[in-house]
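Shown below: data_16.pdb, with PDB, C-alpha atoms and all ligand atoms.
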MODEL        1
ATOM      1  CA  MET G   1      89.531 109.322  80.801  1.00  0.00           C
ATOM      2  CA  LYS G   2      87.425 108.187  77.882  1.00  0.00           C
ATOM      3  CA  LEU G   3      83.900 106.878  78.050  1.00  0.00           C
ATOM      4  CA  ASN G   4      83.553 103.099  78.349  1.00  0.00           C
ATOM      5  CA  GLN G   5      87.256 102.528  79.070  1.00  0.00           C
ATOM      6  CA  PRO G   6      88.072 101.083  82.502  1.00  0.00           C
ATOM      7  CA  VAL G   7      90.278 103.290  84.666  1.00  0.00           C
ATOM      8  CA  ASP G   8      91.978 102.271  87.890  1.00  0.00           C
ATOM      9  CA  PHE G   9      94.656 104.881  88.627  1.00  0.00           C
ATOM     10  CA  SER G  10      96.272 105.662  91.954  1.00  0.00           C
ATOM     11  CA  LYS G  11      99.462 107.636  92.587  1.00  0.00           C
ATOM     12  CA  HIS G  12     101.153 108.464  95.853  1.00  0.00           C
ATOM     13  CA  LEU G  13     101.562 112.243  96.134  1.00  0.00           C
ATOM     14  CA  GLY G  14     103.480 112.295  99.392  1.00  0.00           C
ATOM     15  CA  ALA G  15     102.963 111.442 103.041  1.00  0.00           C
ATOM     16  CA  LYS G  16      99.438 109.968 103.342  1.00  0.00           C
ATOM     17  CA  HIS G  17      98.040 111.651 100.224  1.00  0.00           C
ATOM     18  CA  PHE G  18      97.063 110.002  96.953  1.00  0.00           C
ATOM     19  CA  VAL G  19      95.352 110.942  93.727  1.00  0.00           C
ATOM     20  CA  VAL G  20      92.826 108.323  92.648  1.00  0.00           C
ATOM     21  CA  VAL G  21      90.765 108.059  89.460  1.00  0.00           C
ATOM     22  CA  ARG G  22      88.457 105.071  88.982  1.00  0.00           C
ATOM     23  CA  SER G  23      85.843 103.996  86.489  1.00  0.00           C
ATOM     24  CA  GLY G  24      82.308 104.848  87.426  1.00  0.00           C
ATOM     25  CA  VAL G  25      83.356 107.874  89.459  1.00  0.00           C
ATOM     26  CA  ARG G  26      83.919 110.760  87.111  1.00  0.00           C
ATOM     27  CA  CYS G  27      86.140 112.629  89.564  1.00  0.00           C
ATOM     28  CA  VAL G  28      89.780 113.217  90.353  1.00  0.00           C
ATOM     29  CA  ASN G  29      90.018 112.310  94.018  1.00  0.00           C
ATOM     30  CA  LEU G  30      92.826 113.987  96.008  1.00  0.00           C
ATOM     31  CA  ARG G  31      92.655 112.391  99.416  1.00  0.00           C
ATOM     32  CA  ARG G  32      94.448 111.383 102.605  1.00  0.00           C
ATOM     33  CA  PHE G  33      94.489 107.661 103.342  1.00  0.00           C
ATOM     34  CA  THR G  34      94.897 105.742 106.572  1.00  0.00           C
ATOM     35  CA  VAL G  35      95.195 102.157 107.724  1.00  0.00           C
ATOM     36  CA  PRO G  36      92.562 101.454 110.402  1.00  0.00           C
ATOM     37  CA  PRO G  37      93.779  99.645 113.536  1.00  0.00           C
ATOM     38  CA  ASN G  38      94.004  95.857 113.216  1.00  0.00           C
ATOM     39  CA  THR G  39      93.816  96.004 109.421  1.00  0.00           C
ATOM     40  CA  THR G  40      96.370  96.013 106.630  1.00  0.00           C
ATOM     41  CA  LYS G  41      94.550  97.839 103.853  1.00  0.00           C
ATOM     42  CA  LYS G  42      94.732 101.587 103.395  1.00  0.00           C
ATOM     43  CA  VAL G  43      91.380 103.309 103.045  1.00  0.00           C
ATOM     44  CA  PRO G  44      90.408 106.855 102.079  1.00  0.00           C
ATOM     45  CA  THR G  45      89.603 109.352 104.830  1.00  0.00           C
ATOM     46  CA  ARG G  46      87.176 112.250 104.689  1.00  0.00           C
ATOM     47  CA  ILE G  47      90.147 114.586 104.375  1.00  0.00           C
ATOM     48  CA  GLY G  48      90.499 115.524 100.736  1.00  0.00           C
ATOM     49  CA  ILE G  49      88.561 116.729  97.750  1.00  0.00           C
ATOM     50  CA  SER G  50      86.847 115.140  94.759  1.00  0.00           C
ATOM     51  CA  LEU G  51      86.948 117.312  91.676  1.00  0.00           C
ATOM     52  CA  ARG G  52      84.578 116.657  88.797  1.00  0.00           C
ATOM     53  CA  LEU G  53      86.444 116.366  85.504  1.00  0.00           C
ATOM     54  CA  GLY G  54      85.369 119.865  84.489  1.00  0.00           C
ATOM     55  CA  GLU G  55      86.595 121.261  87.801  1.00  0.00           C
ATOM     56  CA  TRP G  56      89.902 119.417  87.351  1.00  0.00           C
ATOM     57  CA  ASN G  57      90.308 120.955  83.881  1.00  0.00           C
ATOM     58  CA  VAL G  58      89.641 124.430  85.304  1.00  0.00           C
ATOM     59  CA  LEU G  59      92.258 123.819  88.010  1.00  0.00           C
ATOM     60  CA  MET G  60      94.799 122.690  85.399  1.00  0.00           C
ATOM     61  CA  ASP G  61      94.023 125.783  83.299  1.00  0.00           C
ATOM     62  CA  LYS G  62      94.709 127.999  86.346  1.00  0.00           C
ATOM     63  CA  ILE G  63      98.073 126.449  87.299  1.00  0.00           C
ATOM     64  CA  GLY G  64      99.857 129.080  85.217  1.00  0.00           C
ATOM     65  CA  LEU G  65      98.140 131.857  87.182  1.00  0.00           C
ATOM     66  CA  LEU G  66      99.170 130.171  90.424  1.00  0.00           C
ATOM     67  CA  HIS G  67     102.773 130.058  89.235  1.00  0.00           C
ATOM     68  CA  ASP G  68     102.567 133.717  88.198  1.00  0.00           C
ATOM     69  CA  LYS G  69     101.406 134.704  91.686  1.00  0.00           C
ATOM     70  CA  PHE G  70     103.823 132.384  93.516  1.00  0.00           C
ATOM     71  CA  PRO G  71     106.847 131.951  91.212  1.00  0.00           C
ATOM     72  CA  GLU G  72     108.710 129.978  93.868  1.00  0.00           C
ATOM     73  CA  LEU G  73     106.298 127.106  93.163  1.00  0.00           C
ATOM     74  CA  ARG G  74     107.833 126.673  89.688  1.00  0.00           C
ATOM     75  CA  THR G  75     111.065 125.394  91.177  1.00  0.00           C
ATOM     76  CA  VAL G  76     109.690 123.240  93.998  1.00  0.00           C
ATOM     77  CA  LYS G  77     111.051 119.728  93.770  1.00  0.00           C
ATOM     78  CA  PRO G  78     109.784 116.673  95.609  1.00  0.00           C
ATOM     79  CA  CYS G  79     112.066 115.245  98.263  1.00  0.00           C
ATOM     80  CA  TYR G  80     112.532 112.052  96.223  1.00  0.00           C
ATOM     81  CA  ALA G  81     114.290 114.150  93.566  1.00  0.00           C
ATOM     82  CA  ASP G  82     117.026 114.962  96.094  1.00  0.00           C
ATOM     83  CA  ASP G  83     120.274 113.005  95.801  1.00  0.00           C
ATOM     84  CA  SER G  84     119.908 111.920  99.422  1.00  0.00           C
ATOM     85  CA  HIS G  85     117.050 109.647  98.338  1.00  0.00           C
ATOM     86  CA  MET G  86     119.476 107.619  96.220  1.00  0.00           C
ATOM     87  CA  HIS G  87     120.265 105.866  99.509  1.00  0.00           C
ATOM     88  CA  MET G  88     117.528 103.366 100.264  1.00  0.00           C
ATOM     89  CA  ASP G  89     117.671 103.969 104.021  1.00  0.00           C
ATOM     90  CA  VAL G  90     117.045 107.700 103.516  1.00  0.00           C
ATOM     91  CA  TYR G  91     114.150 106.983 101.162  1.00  0.00           C
ATOM     92  CA  GLN G  92     112.604 104.370 103.440  1.00  0.00           C
ATOM     93  CA  ASN G  93     112.860 106.653 106.481  1.00  0.00           C
ATOM     94  CA  CYS G  94     111.408 109.688 104.693  1.00  0.00           C
ATOM     95  CA  SER G  95     107.955 110.456 106.109  1.00  0.00           C
ATOM     96  CA  GLU G  96     106.863 111.946 102.775  1.00  0.00           C
ATOM     97  CA  CYS G  97     107.960 108.995 100.622  1.00  0.00           C
ATOM     98  CA  CYS G  98     107.231 106.114 102.974  1.00  0.00           C
ATOM     99  CA  PRO G  99     104.860 107.155 105.765  1.00  0.00           C
ATOM    100  CA  ARG G 100     105.165 104.432 108.380  1.00  0.00           C
ATOM    101  CA  GLU G 101     101.440 104.228 108.966  1.00  0.00           C
ATOM    102  CA  LEU G 102     100.812 103.230 105.349  1.00  0.00           C
ATOM    103  CA  TYR G 103     103.897 101.233 104.438  1.00  0.00           C
ATOM    104  CA  GLU G 104     105.081  99.343 107.508  1.00  0.00           C
ATOM    105  CA  ILE G 105     102.390  96.723 107.390  1.00  0.00           C
ATOM    106  CA  VAL G 106     103.366  93.199 108.377  1.00  0.00           C
TER     107      VAL G 106
HETATM  108 ZN    ZN X 201     111.160 111.649 100.522  1.00  0.00          ZN
ENDMDL
END
Using structure tokens, write down the structure from this file.
Amino acid sequence: MKLNQPVDFSKHLGAKHFVVVRSGVRCVNLRRFTVPPNTTKKVPTRIGISLRLGEWNVLMDKIGLLHDKFPELRTVKPCYADDSHMHMDVYQNCSECCPRELYEIV
């Protein structure tokens, strides 16, 4: 993120969790979202964490230490990387990839 450049980034991490970075808020927001009853728009919940950019950089610098302590994390793959997700019905019924609460909105 560079000064004076608009940013509007959101990426689904899995289940109801997203990472969001927006202009004007100099944080990396890792947060659970929900769709309130009788609405169709997902909104952030209080469950999550906002890391200032410096804190985010520290976390990224420490990832190697985390992998050293828990080497099994190096080989963890998301469910969508599994061949089973090549079938659309498996993908659409996966609670990590397509949580019904967030994606079955009429
Ligand atoms: Zn999945």
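Near ligand ZN 201 (chain X), the residues found within 10 Å are Gly14, Ala15, Pro78, Cys79, Tyr80, Ala81, Asp82, Ser84, His85, Val90, Tyr91, Gln92, Asn93, Cys94, Ser95, Glu96, Cys97, Cys98 and Pro99 of chain G (criterion computed using all atoms listed in the file).
The shortest atom-to-atom distance to G:Leu53, with only C-alpha atoms taken into account, belongs to G:Arg26 out of G:Asp8, G:Leu73, G:His67, G:Arg26.
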*Check which residues satisfy the PyMOL selection byres (((chain G and resi 35) around 10) and not hetatm) in the file shown, then give them as a count of residues only.*
17
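The gap separating atom CA of G:Leu65 from atom CA of G:Arg22 is 28.5 Å, in Å to one decimal.
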*Which distance in Å separates atom CA of G:Asn29 and atom CA of G:Leu51, to one decimal?*
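Pair atom CA of G:Asn29 / atom CA of G:Leu51 returns 6.3 Å.
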_Given all atoms listed in the file as the counted atoms, nearest of G:Val76, G:Asn57, G:Arg100, G:His87 to G:Cys27_ =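 Counting all atoms listed in the file, the residue closest to G:Cys27 is G:Asn57.
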*atom CA of G:Val20 and atom CA of G:Pro71 are how many Å apart?*
27.5 Å
*With only C-alpha atoms as the atoms that count, which of G:Arg31, G:Val25, G:Lys77, G:Met60 lies nearest to G:His12?*
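Once distances to G:His12 are computed over only C-alpha atoms, the minimum belongs to G:Arg31.
Closest approach to G:Phe18 among G:Gln5, G:Leu59, G:Asp83, G:Ser50: G:Ser50, based on only C-alpha atoms.
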Listed atoms of stretch 6-22 of chain G, axis-aligned box, 4 Å per side: centre and edge lengths to one decimal in Å, as AutoDock Vina command-line options?
--center_x 95.8 --center_y 106.7 --center_z 92.9 --size_x 23.4 --size_y 19.2 --size_z 28.8
*Give the answer as one residue: which of G:Arg74, G:His17, G:Lys69, G:Lys62 has the shortest atom-to-atom distance to G:Arg46, using only C-alpha atoms?*
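Closest to G:Arg46, using only C-alpha atoms: G:His17.
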*Selected residue of minimal separation from G:Val21 among G:Ile49, G:Met86, G:Val7, G:Val58, counting all atoms listed in the file*: G:Val7
